[in-house]
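As provided, target-v7.cif (mmCIF, C-alpha atoms; chains and numbers go by the auth columns) reads as follows.
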data_query
#
loop_
_atom_site.group_PDB
_atom_site.id
_atom_site.type_symbol
_atom_site.label_atom_id
_atom_site.label_comp_id
_atom_site.label_asym_id
_atom_site.label_seq_id
_atom_site.Cartn_x
_atom_site.Cartn_y
_atom_site.Cartn_z
_atom_site.B_iso_or_equiv
_atom_site.auth_seq_id
_atom_site.auth_asym_id
ATOM 1 C CA MET A 1 0.000 0.000 0.000 0.00 1067 A
ATOM 2 C CA PRO A 2 2.614 2.677 0.867 0.00 1068 A
ATOM 3 C CA GLN A 3 4.563 1.997 -2.327 0.00 1069 A
ATOM 4 C CA GLU A 4 1.455 2.482 -4.444 0.00 1070 A
ATOM 5 C CA PHE A 5 0.652 5.704 -2.628 0.00 1071 A
ATOM 6 C CA TRP A 6 4.099 7.211 -3.213 0.00 1072 A
ATOM 7 C CA SER A 7 4.303 6.090 -6.824 0.00 1073 A
ATOM 8 C CA ASN A 8 0.866 7.594 -7.518 0.00 1074 A
ATOM 9 C CA ALA A 9 1.872 10.804 -5.774 0.00 1075 A
ATOM 10 C CA ILE A 10 5.082 11.051 -7.794 0.00 1076 A
ATOM 11 C CA PHE A 11 3.340 10.283 -11.090 0.00 1077 A
ATOM 12 C CA SER A 12 0.731 12.938 -10.246 0.00 1078 A
ATOM 13 C CA VAL A 13 3.196 15.683 -9.410 0.00 1079 A
ATOM 14 C CA VAL A 14 5.955 15.122 -11.996 0.00 1080 A
ATOM 15 C CA PRO A 15 3.921 16.094 -15.096 0.00 1081 A
ATOM 16 C CA THR A 16 2.738 19.298 -13.423 0.00 1082 A
ATOM 17 C CA ILE A 17 6.275 20.238 -12.457 0.00 1083 A
ATOM 18 C CA ALA A 18 7.562 19.376 -15.940 0.00 1084 A
ATOM 19 C CA VAL A 19 4.944 21.561 -17.633 0.00 1085 A
ATOM 20 C CA GLY A 20 5.760 24.368 -15.204 0.00 1086 A
ATOM 21 C CA VAL A 21 9.479 24.132 -15.979 0.00 1087 A
ATOM 22 C CA ILE A 22 8.845 24.099 -19.733 0.00 1088 A
ATOM 23 C CA PHE A 23 6.547 27.125 -19.387 0.00 1089 A
ATOM 24 C CA TRP A 24 9.200 28.969 -17.348 0.00 1090 A
ATOM 25 C CA ILE A 25 11.904 28.238 -19.945 0.00 1091 A
ATOM 26 C CA VAL A 26 9.698 29.426 -22.819 0.00 1092 A
ATOM 27 C CA MET A 27 8.677 32.619 -21.005 0.00 1093 A
ATOM 28 C CA ALA A 28 12.299 33.381 -20.061 0.00 1094 A
ATOM 29 C CA ALA A 29 13.329 32.966 -23.708 0.00 1095 A
ATOM 30 C CA ILE A 30 10.525 35.267 -24.896 0.00 1096 A
ATOM 31 C CA ILE A 31 11.407 37.946 -22.361 0.00 1097 A
ATOM 32 C CA ARG A 32 15.117 37.702 -23.161 0.00 1098 A
ATOM 33 C CA SER A 33 14.489 37.984 -26.913 0.00 1099 A
ATOM 34 C CA ASP A 34 12.205 40.981 -26.376 0.00 1100 A
ATOM 35 C CA ARG A 35 14.876 42.689 -24.269 0.00 1101 A
ATOM 36 C CA THR A 36 17.502 42.018 -26.941 0.00 1102 A
ATOM 37 C CA GLU A 37 15.229 43.292 -29.709 0.00 1103 A
ATOM 38 C CA ARG A 38 14.452 46.495 -27.801 0.00 1104 A
ATOM 39 C CA THR A 39 18.168 47.095 -27.190 0.00 1105 A
ATOM 40 C CA SER A 40 18.965 46.577 -30.867 0.00 1106 A
ATOM 41 C CA TYR A 41 16.105 48.839 -31.938 0.00 1107 A
ATOM 42 C CA ALA A 42 17.248 51.585 -29.538 0.00 1108 A
ATOM 43 C CA LYS A 43 20.781 51.381 -30.929 0.00 1109 A
ATOM 44 C CA ILE A 44 19.562 51.625 -34.542 0.00 1110 A
ATOM 45 C CA GLU A 45 17.243 54.493 -33.661 0.00 1111 A
ATOM 46 C CA ALA A 46 20.082 56.395 -31.931 0.00 1112 A
ATOM 47 C CA GLU A 47 22.272 55.943 -35.007 0.00 1113 A
ATOM 48 C CA GLU A 48 19.503 57.209 -37.293 0.00 1114 A
ATOM 49 C CA ARG A 49 18.881 60.224 -35.056 0.00 1115 A
ATOM 50 C CA ALA A 50 22.600 61.020 -35.109 0.00 1116 A
ATOM 51 C CA LYS A 51 22.629 60.801 -38.921 0.00 1117 A
ATOM 52 C CA ALA A 52 19.584 63.060 -39.148 0.00 1118 A
ATOM 53 C CA ALA A 53 21.123 65.577 -36.758 0.00 1119 A
ATOM 54 C CA ALA A 54 24.371 65.577 -38.732 0.00 1120 A
ATOM 55 C CA LEU A 55 22.425 66.122 -41.944 0.00 1121 A
ATOM 56 C CA VAL A 56 20.530 69.051 -40.447 0.00 1122 A
ATOM 57 C CA ASP A 57 23.781 70.551 -39.121 0.00 1123 A
ATOM 58 C CA ALA A 58 25.437 70.183 -42.510 0.00 1124 A
ATOM 59 C CA THR A 59 22.589 71.887 -44.346 0.00 1125 A
ATOM 60 C CA THR A 60 22.251 74.809 -41.911 0.00 1126 A
ATOM 61 C CA GLN A 61 25.912 75.798 -41.808 0.00 1127 A
ATOM 62 C CA PRO A 62 26.962 78.582 -44.222 0.00 1128 A
#
Final structure tokens representation of the file:
Amino acid sequence: MPQEFWSNAIFSVVPTIAVGVIFWIVMAAIIRSDRTERTSYAKIEAEERAKAAALVDATTQP
């Protein structure tokens, strides 16, 4: 009886824990990729703003 109880308890809990771990890994990957994308976009946008500012400076100087 005790062996059946513990094996049933383990087989009941392991799938839930496994799904939770998989969900955590997927969410961490999504958040990390979003952070990386935002950093890359900010860098590109800063470069474009610098180019635009340089263009405006070049056209306004006598």
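Of note, atom CA of A:Val1079 and atom CA of A:Arg1098 are spaced 28.6 Å apart.
Here atom CA of A:Thr1102 is placed at a distance of 27.1 Å from atom CA of A:Ala1084.
Our summary of the geometry notes that atom CA of A:Thr1126 is positioned 24.5 Å from atom CA of A:Ile1110.
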Mind rebuilding stretch 1103-1118 of chain A with N, CA, C and O atoms and writing that out as a PDB file, keeping the file's coordinate frame?
ATOM      1  N   GLU A1103      15.790  42.563 -28.570  1.00  0.00           N
ATOM      2  CA  GLU A1103      15.229  43.292 -29.709  1.00  0.00           C
ATOM      3  C   GLU A1103      15.075  44.777 -29.384  1.00  0.00           C
ATOM      4  O   GLU A1103      15.387  45.634 -30.213  1.00  0.00           O
ATOM      5  N   ARG A1104      14.608  45.091 -28.183  1.00  0.00           N
ATOM      6  CA  ARG A1104      14.452  46.495 -27.801  1.00  0.00           C
ATOM      7  C   ARG A1104      15.803  47.202 -27.740  1.00  0.00           C
ATOM      8  O   ARG A1104      15.917  48.361 -28.139  1.00  0.00           O
ATOM      9  N   THR A1105      16.831  46.514 -27.250  1.00  0.00           N
ATOM     10  CA  THR A1105      18.168  47.095 -27.190  1.00  0.00           C
ATOM     11  C   THR A1105      18.691  47.358 -28.596  1.00  0.00           C
ATOM     12  O   THR A1105      19.250  48.432 -28.869  1.00  0.00           O
ATOM     13  N   SER A1106      18.520  46.408 -29.481  1.00  0.00           N
ATOM     14  CA  SER A1106      18.965  46.577 -30.867  1.00  0.00           C
ATOM     15  C   SER A1106      18.207  47.721 -31.548  1.00  0.00           C
ATOM     16  O   SER A1106      18.805  48.535 -32.259  1.00  0.00           O
ATOM     17  N   TYR A1107      16.916  47.784 -31.328  1.00  0.00           N
ATOM     18  CA  TYR A1107      16.105  48.839 -31.938  1.00  0.00           C
ATOM     19  C   TYR A1107      16.529  50.208 -31.407  1.00  0.00           C
ATOM     20  O   TYR A1107      16.610  51.172 -32.172  1.00  0.00           O
ATOM     21  N   ALA A1108      16.812  50.308 -30.113  1.00  0.00           N
ATOM     22  CA  ALA A1108      17.248  51.585 -29.538  1.00  0.00           C
ATOM     23  C   ALA A1108      18.591  52.014 -30.129  1.00  0.00           C
ATOM     24  O   ALA A1108      18.804  53.204 -30.401  1.00  0.00           O
ATOM     25  N   LYS A1109      19.484  51.065 -30.336  1.00  0.00           N
ATOM     26  CA  LYS A1109      20.781  51.381 -30.929  1.00  0.00           C
ATOM     27  C   LYS A1109      20.617  51.888 -32.362  1.00  0.00           C
ATOM     28  O   LYS A1109      21.213  52.905 -32.746  1.00  0.00           O
ATOM     29  N   ILE A1110      19.809  51.212 -33.158  1.00  0.00           N
ATOM     30  CA  ILE A1110      19.562  51.625 -34.542  1.00  0.00           C
ATOM     31  C   ILE A1110      18.901  52.993 -34.568  1.00  0.00           C
ATOM     32  O   ILE A1110      19.271  53.870 -35.362  1.00  0.00           O
ATOM     33  N   GLU A1111      17.935  53.206 -33.690  1.00  0.00           N
ATOM     34  CA  GLU A1111      17.243  54.493 -33.661  1.00  0.00           C
ATOM     35  C   GLU A1111      18.205  55.617 -33.268  1.00  0.00           C
ATOM     36  O   GLU A1111      18.148  56.715 -33.840  1.00  0.00           O
ATOM     37  N   ALA A1112      19.097  55.382 -32.321  1.00  0.00           N
ATOM     38  CA  ALA A1112      20.082  56.395 -31.931  1.00  0.00           C
ATOM     39  C   ALA A1112      21.016  56.716 -33.091  1.00  0.00           C
ATOM     40  O   ALA A1112      21.353  57.898 -33.320  1.00  0.00           O
ATOM     41  N   GLU A1113      21.425  55.707 -33.841  1.00  0.00           N
ATOM     42  CA  GLU A1113      22.272  55.943 -35.007  1.00  0.00           C
ATOM     43  C   GLU A1113      21.542  56.773 -36.063  1.00  0.00           C
ATOM     44  O   GLU A1113      22.121  57.690 -36.646  1.00  0.00           O
ATOM     45  N   GLU A1114      20.280  56.468 -36.297  1.00  0.00           N
ATOM     46  CA  GLU A1114      19.503  57.209 -37.293  1.00  0.00           C
ATOM     47  C   GLU A1114      19.284  58.657 -36.845  1.00  0.00           C
ATOM     48  O   GLU A1114      19.329  59.574 -37.663  1.00  0.00           O
ATOM     49  N   ARG A1115      19.044  58.857 -35.554  1.00  0.00           N
ATOM     50  CA  ARG A1115      18.881  60.224 -35.056  1.00  0.00           C
ATOM     51  C   ARG A1115      20.181  61.008 -35.198  1.00  0.00           C
ATOM     52  O   ARG A1115      20.162  62.202 -35.521  1.00  0.00           O
ATOM     53  N   ALA A1116      21.306  60.354 -34.952  1.00  0.00           N
ATOM     54  CA  ALA A1116      22.600  61.020 -35.109  1.00  0.00           C
ATOM     55  C   ALA A1116      22.840  61.383 -36.568  1.00  0.00           C
ATOM     56  O   ALA A1116      23.332  62.480 -36.874  1.00  0.00           O
ATOM     57  N   LYS A1117      22.487  60.501 -37.492  1.00  0.00           N
ATOM     58  CA  LYS A1117      22.629  60.801 -38.921  1.00  0.00           C
ATOM     59  C   LYS A1117      21.742  61.976 -39.319  1.00  0.00           C
ATOM     60  O   LYS A1117      22.169  62.860 -40.068  1.00  0.00           O
ATOM     61  N   ALA A1118      20.506  61.975 -38.819  1.00  0.00           N
ATOM     62  CA  ALA A1118      19.584  63.060 -39.148  1.00  0.00           C
ATOM     63  C   ALA A1118      20.083  64.380 -38.573  1.00  0.00           C
ATOM     64  O   ALA A1118      20.010  65.426 -39.238  1.00  0.00           O
TER      65      ALA A1118
END
